[in-house]
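Q: Would you mind keeping the following structure in view while I ask a few things?
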Amino acid sequence: MKMTRIVVFFALLAIALAAPADDSANAQILKYESENIGIDGYRFEFETSDGTARQEQAELKNVGTDQEAIVVRGSYSYVGPDGTQYVINYVADENGFQPEGAHIPKK
């Protein structure tokens with residue numbers, strides 16, 4: 001019985017040590033750029049040491065018309081708890097938020 005407990009202990013220890021560490025609390029900014037184009041748009045991007053990244057740009061379309069709207073395009077990525085890099089690309093406009101990613105179910 002004692003040997004079984006030792007084996008189980010070391011098995012659980014091995015699993016715990018093999019799990020990816022969530023280092024998001026200690027993430028460092030590796031890259032940051034921001035450009036405020038003015039009232040008709042913006043652009044920014046950043047990347048952190050934990051594998052998180054985001055980029056986004058926006059522009060005003062149909063300026064001065066009844067259909068004037070802001071269109072935002074971008075993407076973000078992160079490393080999930082399973083160690084997989086997830087990437088989401090999106091557009092947000094007069095039709096709403098439209099994300100796409102390999103892990104997102106299709107409609």
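Chain labels A, B, ... are given in the sequence in which chains occur in the structure tokens; within each chain residues are numbered consecutively from 1, and ligands are likewise numbered from 1 in the order shown.
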Using only C-alpha atoms, which residues sit within 10 Å of Glu45 of chain A once same-chain residues fewer than 4 positions away are excluded, as a VMD selection string?

A: chain A and resid 31 to 35 53 to 57 74 to 76

Q: Need to verify the contact set: Pro99 of chain A, 12 Å, only C-alpha atoms, exclusion of same-chain residues closer than 6 positions in sequence. Can you return it as a list in words?

A: Val72, Arg73, Gly74, Ser75, Tyr76, Val87, Ile88, Asn89, Tyr90, Val91, Ala92, Asp93, Pro105, Lys106 and Lys107 of chain A

Q: Counting only C-alpha atoms, which of A:Val71, A:Asn26, A:Ile104, A:Tyr78 gets nearest to Glu47 of chain A?

A: A:Tyr78

Q: So, with only C-alpha atoms as the atoms that count, which of A:Gln85, A:Thr52, A:Ile70, A:Ser24 lies closest to Asp40 of chain A?

A: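 With only C-alpha atoms as the atom set, the closest residue is A:Ile70.
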
Q: Between atom CA of Gly51 of chain A and atom CA of Val79 of chain A, measure the distance and give it in Å to one decimal.

A: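 We find that atom CA of Gly51 of chain A and atom CA of Val79 of chain A lie 5.9 Å from each other.
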